[in-house]
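Just below is one structure, and these are the notes that go with it.
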Amino acid sequence: MDMLTQWLGWLPSLVPGLLVSLQLTGLSLLFGFPLGLLFAVMAAAKIAPLQWISFLFVEVGRGLPALVLLYLLYFSLPDAGITLTSLTTAVIALTWNTGAYASEYFRAGLAAVPLGQKEAALTSGLRGWTGFRVIILPQALRISTPPLAGLAVLVFQGSALAFVIAVPELMSKGFEIASITFEYLSVYLLTAVIYGSLTLLFLGFVQLLERRLGRHLQRN
Amino acid sequence: MITELLPAIARGVGLTLYVTGASLVIGGVIGLVLVGAARSPFAIVRGIATLYINVVRVIPPITWLFLIYFGLPQFALRLSTIQAAIIGFSIIASAFMAEIYRSGLLSIPDGQREAAHALGLSAVTTVRHIITPQAFRVALPAIATYGIGLLKDSALASTIGVREITYYAQQSAKQTHEGLLSFVVAGALYIVISLVVALVSRQVDLGLRKKIGVA
């Protein structure tokens, strides 16, 4: 009971942090997914330099721990004369990370569309970009949507990393309260509950989405 | 410059490997218990195992570490940074390893168990000599992939002060003002370790395949 009253007292100061977490997640997904699609398309292109660039960005984005990527940008951008807020830096790092992982899912989705679809598009007179846009891409997107939604949940959890470069998100707010009240266990339990319940909510959405996208495959 | 940075940051490789390895082993053992519990005939045991796996997975790793390192001392349970990191990552790894084992077990056809039963093998012998060797071979690539993921997650241990790769990279970045280079070196170390793990697991996997005659 005691803990619950404490929690209710802290909630007003944690909510702004949660909003920053959600903003960070939202922006990273908003930029990260199109970036991932771009990387996937570049990797499938027949132009070698495009493939190399895509390979480099994807492997660095996936191969480095998100934390190292975050520090890398945070410590190096100011030296290059670029001063950004910590939130912007975190958005760039998470976007890169998200884009790299998303590109793999997009690539898998594109690869899963049978070659016959492309040939059928060609014989129907839909060449190049048009065929890709109206025939291949929609089918690929349906296949890659469930793993991408799962990735979105992971990005939300990853947004907690922005704490280390002092972005005022949920974890930092929790840390702030904990250093004032010394109630570390209670504060971090509350943040864990917030992260956990929101993640469960998102996962519920993902399941719903998966079922909806698979509707036409079910037979009664 | 890089000749000074590399040895300074590479000092952390030992602890990175130690934290990752210990957590993977401890988490792997707890995961075995969990997957056993998840298949238990008692609904309550199954329920607890499923709840544990889900609770662990929905909370971000950094929150786990802070809960353990900053929260537990309130119960007069004072842990060193390394202990806290290993406990935290073991808890996280146990849930993911349990899921990996489960998918490995699912890939074993029921016929194997039935055949073992028909041959008069006991339940323990069946699990020990029939199910586990086959499930392990299926699960190995997933375990290696998860191990690489855990290696990257272990960078988080630097936030509670474990002196691993990221910790030393941060120190160098602050002391030498070579932020870019420090973290490029750290990143390169992680990638090299990941590649070695991937190559070794591939070799082991190929070896196992050859042994049982699967292409």
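Residues are referred to by chain and number: the chain letter is A, B, ... according to the order shown in the structure tokens, the number counts from 1 in that chain, and ligands are numbered separately from 1 in the order shown.
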*Give me, as JSON, numbers by chain, the contact residues of chain A against chain B at a cut-off of 10 Å, counting only C-alpha atoms.*
{"A": [59, 60, 62, 63, 64, 65, 66, 67, 68, 69, 70, 71, 72, 73, 74, 75, 76, 77, 78, 79, 80, 153, 154, 156, 157, 158, 159, 160, 161, 163, 164, 171, 174, 175, 178, 182, 183, 184, 185, 186, 187, 188, 189, 191, 192, 193, 194, 195, 196, 197, 198, 199, 200, 203]}
Output C-alpha atoms of each residue in that selection to a file, as a JSON list (two decimals), in the first residue's frame.
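That gives us again10.json:
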[["chain", "number", "residue", "atom", "x", "y", "z"],
["A", 59, "GLU", "CA", 26.40, -3.96, -40.88],
["A", 60, "VAL", "CA", 27.59, -1.06, -38.73],
["A", 62, "ARG", "CA", 23.46, -4.02, -36.63],
["A", 63, "GLY", "CA", 26.95, -5.02, -35.61],
["A", 64, "LEU", "CA", 27.59, -2.31, -33.05],
["A", 65, "PRO", "CA", 25.76, -2.36, -29.75],
["A", 66, "ALA", "CA", 23.11, 0.39, -29.80],
["A", 67, "LEU", "CA", 24.85, 1.92, -26.81],
["A", 68, "VAL", "CA", 28.17, 2.21, -28.66],
["A", 69, "LEU", "CA", 26.38, 3.73, -31.66],
["A", 70, "LEU", "CA", 24.80, 6.26, -29.35],
["A", 71, "TYR", "CA", 28.10, 7.19, -27.70],
["A", 72, "LEU", "CA", 29.84, 7.23, -31.08],
["A", 73, "LEU", "CA", 27.52, 9.94, -32.39],
["A", 74, "TYR", "CA", 27.31, 11.76, -29.07],
["A", 75, "PHE", "CA", 31.07, 12.11, -28.68],
["A", 76, "SER", "CA", 32.05, 12.56, -32.33],
["A", 77, "LEU", "CA", 29.45, 14.89, -33.86],
["A", 78, "PRO", "CA", 30.48, 17.92, -31.76],
["A", 79, "ASP", "CA", 34.12, 17.39, -32.85],
["A", 80, "ALA", "CA", 32.93, 17.56, -36.45],
["A", 153, "VAL", "CA", 8.51, -2.95, -29.59],
["A", 154, "LEU", "CA", 12.27, -3.50, -29.27],
["A", 156, "PHE", "CA", 10.66, 1.27, -27.50],
["A", 157, "GLN", "CA", 12.72, -0.79, -25.05],
["A", 158, "GLY", "CA", 15.91, 0.50, -26.68],
["A", 159, "SER", "CA", 14.80, 4.10, -26.15],
["A", 160, "ALA", "CA", 15.75, 3.57, -22.49],
["A", 161, "LEU", "CA", 19.40, 3.68, -23.64],
["A", 163, "PHE", "CA", 19.36, 7.76, -20.61],
["A", 164, "VAL", "CA", 23.15, 7.56, -20.91],
["A", 171, "MET", "CA", 14.69, 6.14, -17.24],
["A", 174, "GLY", "CA", 13.30, 7.62, -12.66],
["A", 175, "PHE", "CA", 16.98, 8.13, -11.92],
["A", 178, "ALA", "CA", 15.66, 7.87, -7.12],
["A", 182, "PHE", "CA", 16.88, 7.10, -2.29],
["A", 183, "GLU", "CA", 13.94, 4.78, -3.01],
["A", 184, "TYR", "CA", 15.83, 3.06, -5.83],
["A", 185, "LEU", "CA", 13.99, -0.24, -5.72],
["A", 186, "SER", "CA", 10.55, 1.32, -5.68],
["A", 187, "VAL", "CA", 11.28, 3.84, -8.46],
["A", 188, "TYR", "CA", 12.84, 1.30, -10.79],
["A", 189, "LEU", "CA", 10.03, -1.15, -10.11],
["A", 191, "THR", "CA", 9.57, 2.24, -14.42],
["A", 192, "ALA", "CA", 9.74, -1.51, -15.03],
["A", 193, "VAL", "CA", 5.96, -1.72, -14.63],
["A", 194, "ILE", "CA", 5.44, 1.19, -17.05],
["A", 195, "TYR", "CA", 7.80, -0.28, -19.67],
["A", 196, "GLY", "CA", 6.36, -3.75, -19.16],
["A", 197, "SER", "CA", 2.70, -2.81, -19.42],
["A", 198, "LEU", "CA", 3.22, -0.60, -22.49],
["A", 199, "THR", "CA", 5.26, -3.35, -24.16],
["A", 200, "LEU", "CA", 2.49, -5.86, -23.46],
["A", 203, "LEU", "CA", 2.58, -6.82, -28.36]]
Please, which residues in range 6-61 of chain A fall within 10 Å of range 99-114 of chain A when counting only C-alpha atoms, and what is the closest atom pair and distance in Å to one decimal for each, ordered by chain then residue number, as CSV?
residue,atom,partner,partner_atom,distance
A:Ser28,CA,A:Gly99,CA,8.6
A:Leu29,CA,A:Gly99,CA,8.2
A:Leu30,CA,A:Gly99,CA,10.0
A:Phe31,CA,A:Gly99,CA,7.9
A:Gly32,CA,A:Gly99,CA,4.3
A:Phe33,CA,A:Gly99,CA,5.7
A:Pro34,CA,A:Gly99,CA,7.5
A:Leu35,CA,A:Gly99,CA,5.2
A:Gly36,CA,A:Ser103,CA,3.9
A:Leu37,CA,A:Ser103,CA,5.6
A:Leu38,CA,A:Ser103,CA,7.6
A:Phe39,CA,A:Ser103,CA,5.7
A:Ala40,CA,A:Ser103,CA,4.9
A:Val41,CA,A:Arg107,CA,7.6
A:Met42,CA,A:Ser103,CA,9.8
A:Ala43,CA,A:Arg107,CA,8.2
A:Ala44,CA,A:Arg107,CA,8.0
A:Ser54,CA,A:Ala100,CA,9.0
A:Phe55,CA,A:Ala100,CA,9.3
A:Leu56,CA,A:Ala100,CA,9.8
A:Phe57,CA,A:Ala100,CA,7.0
A:Val58,CA,A:Ala100,CA,4.4
A:Glu59,CA,A:Ala100,CA,7.2
A:Val60,CA,A:Ala100,CA,8.1
A:Gly61,CA,A:Ala100,CA,5.2
Output for the residues just chosen: N, CA and C atoms as an mmCIF file, in the first residue's frame:
data_model
loop_
_atom_site.group_PDB
_atom_site.id
_atom_site.type_symbol
_atom_site.label_atom_id
_atom_site.label_comp_id
_atom_site.auth_asym_id
_atom_site.auth_seq_id
_atom_site.Cartn_x
_atom_site.Cartn_y
_atom_site.Cartn_z
ATOM 1 N N SER A 28 12.181 7.625 -34.246
ATOM 2 C CA SER A 28 13.134 6.639 -34.749
ATOM 3 C C SER A 28 12.466 5.684 -35.724
ATOM 4 N N LEU A 29 11.204 5.330 -35.434
ATOM 5 C CA LEU A 29 10.485 4.434 -36.345
ATOM 6 C C LEU A 29 10.114 5.173 -37.623
ATOM 7 N N LEU A 30 9.664 6.424 -37.458
ATOM 8 C CA LEU A 30 9.226 7.226 -38.606
ATOM 9 C C LEU A 30 10.350 7.377 -39.629
ATOM 10 N N PHE A 31 11.582 7.619 -39.141
ATOM 11 C CA PHE A 31 12.713 7.756 -40.057
ATOM 12 C C PHE A 31 13.373 6.409 -40.345
ATOM 13 N N GLY A 32 13.356 5.524 -39.351
ATOM 14 C CA GLY A 32 14.099 4.267 -39.467
ATOM 15 C C GLY A 32 13.508 3.305 -40.486
ATOM 16 N N PHE A 33 12.168 3.184 -40.515
ATOM 17 C CA PHE A 33 11.553 2.233 -41.436
ATOM 18 C C PHE A 33 11.784 2.609 -42.902
ATOM 19 N N PRO A 34 11.522 3.866 -43.302
ATOM 20 C CA PRO A 34 11.829 4.225 -44.700
ATOM 21 C C PRO A 34 13.305 4.035 -45.027
ATOM 22 N N LEU A 35 14.176 4.353 -44.046
ATOM 23 C CA LEU A 35 15.605 4.161 -44.251
ATOM 24 C C LEU A 35 15.915 2.681 -44.491
ATOM 25 N N GLY A 36 15.267 1.835 -43.701
ATOM 26 C CA GLY A 36 15.460 0.397 -43.854
ATOM 27 C C GLY A 36 15.026 -0.080 -45.224
ATOM 28 N N LEU A 37 13.879 0.431 -45.681
ATOM 29 C CA LEU A 37 13.380 0.058 -47.004
ATOM 30 C C LEU A 37 14.365 0.506 -48.081
ATOM 31 N N LEU A 38 14.900 1.733 -47.886
ATOM 32 C CA LEU A 38 15.880 2.256 -48.836
ATOM 33 C C LEU A 38 17.112 1.344 -48.891
ATOM 34 N N PHE A 39 17.620 0.955 -47.704
ATOM 35 C CA PHE A 39 18.778 0.063 -47.649
ATOM 36 C C PHE A 39 18.483 -1.260 -48.358
ATOM 37 N N ALA A 40 17.268 -1.777 -48.123
ATOM 38 C CA ALA A 40 16.905 -3.067 -48.724
ATOM 39 C C ALA A 40 16.853 -2.958 -50.239
ATOM 40 N N VAL A 41 16.269 -1.862 -50.728
ATOM 41 C CA VAL A 41 16.171 -1.676 -52.181
ATOM 42 C C VAL A 41 17.565 -1.472 -52.774
ATOM 43 N N MET A 42 18.411 -0.703 -52.038
ATOM 44 C CA MET A 42 19.774 -0.481 -52.515
ATOM 45 C C MET A 42 20.547 -1.796 -52.589
ATOM 46 N N ALA A 43 20.319 -2.666 -51.583
ATOM 47 C CA ALA A 43 21.033 -3.945 -51.564
ATOM 48 C C ALA A 43 20.606 -4.816 -52.739
ATOM 49 N N ALA A 44 19.344 -4.629 -53.184
ATOM 50 C CA ALA A 44 18.838 -5.449 -54.292
ATOM 51 C C ALA A 44 19.179 -4.825 -55.644
ATOM 52 N N SER A 54 24.938 0.352 -48.797
ATOM 53 C CA SER A 54 23.897 -0.287 -48.003
ATOM 54 C C SER A 54 24.511 -1.294 -47.040
ATOM 55 N N PHE A 55 25.450 -2.115 -47.551
ATOM 56 C CA PHE A 55 26.090 -3.139 -46.715
ATOM 57 C C PHE A 55 26.790 -2.492 -45.525
ATOM 58 N N LEU A 56 27.538 -1.420 -45.796
ATOM 59 C CA LEU A 56 28.304 -0.755 -44.741
ATOM 60 C C LEU A 56 27.371 -0.220 -43.651
ATOM 61 N N PHE A 57 26.344 0.516 -44.063
ATOM 62 C CA PHE A 57 25.443 1.129 -43.081
ATOM 63 C C PHE A 57 24.687 0.059 -42.285
ATOM 64 N N VAL A 58 24.245 -0.986 -42.996
ATOM 65 C CA VAL A 58 23.466 -2.019 -42.308
ATOM 66 C C VAL A 58 24.348 -2.783 -41.331
ATOM 67 N N GLU A 59 25.563 -3.151 -41.759
ATOM 68 C CA GLU A 59 26.404 -3.959 -40.876
ATOM 69 C C GLU A 59 26.881 -3.167 -39.668
ATOM 70 N N VAL A 60 27.187 -1.868 -39.881
ATOM 71 C CA VAL A 60 27.588 -1.056 -38.730
ATOM 72 C C VAL A 60 26.394 -0.863 -37.790
ATOM 73 N N GLY A 61 25.230 -0.603 -38.360
ATOM 74 C CA GLY A 61 24.037 -0.371 -37.541
ATOM 75 C C GLY A 61 23.624 -1.596 -36.750
#
*Neighbours of Ile26 in chain B within 9 Å (only C-alpha atoms; same-chain residues fewer than 6 positions away dropped), as a ChimeraX atom specification?*
/B:86-87,90-91,93-94
*Just give me the gap between CA of Gly81 in chain A and CA of Thr95 in chain A in Å, one decimal is fine.*
21.0 Å
*Can you work out the spacing between CA of Leu206 in chain B and CA of Tyr101 in chain B in Å, to one decimal?*
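Value for the CA of Leu206 in chain B-CA of Tyr101 in chain B distance: 19.6 Å.
Between CA of Leu209 in chain A and CA of Leu141 in chain A the separation is 12.7 Å.
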*Find the residue from A:Ala162, A:Leu115, A:Leu87, A:Leu8 that sits nearest to Ile136 in chain A; use only C-alpha atoms when measuring.*
A:Leu115
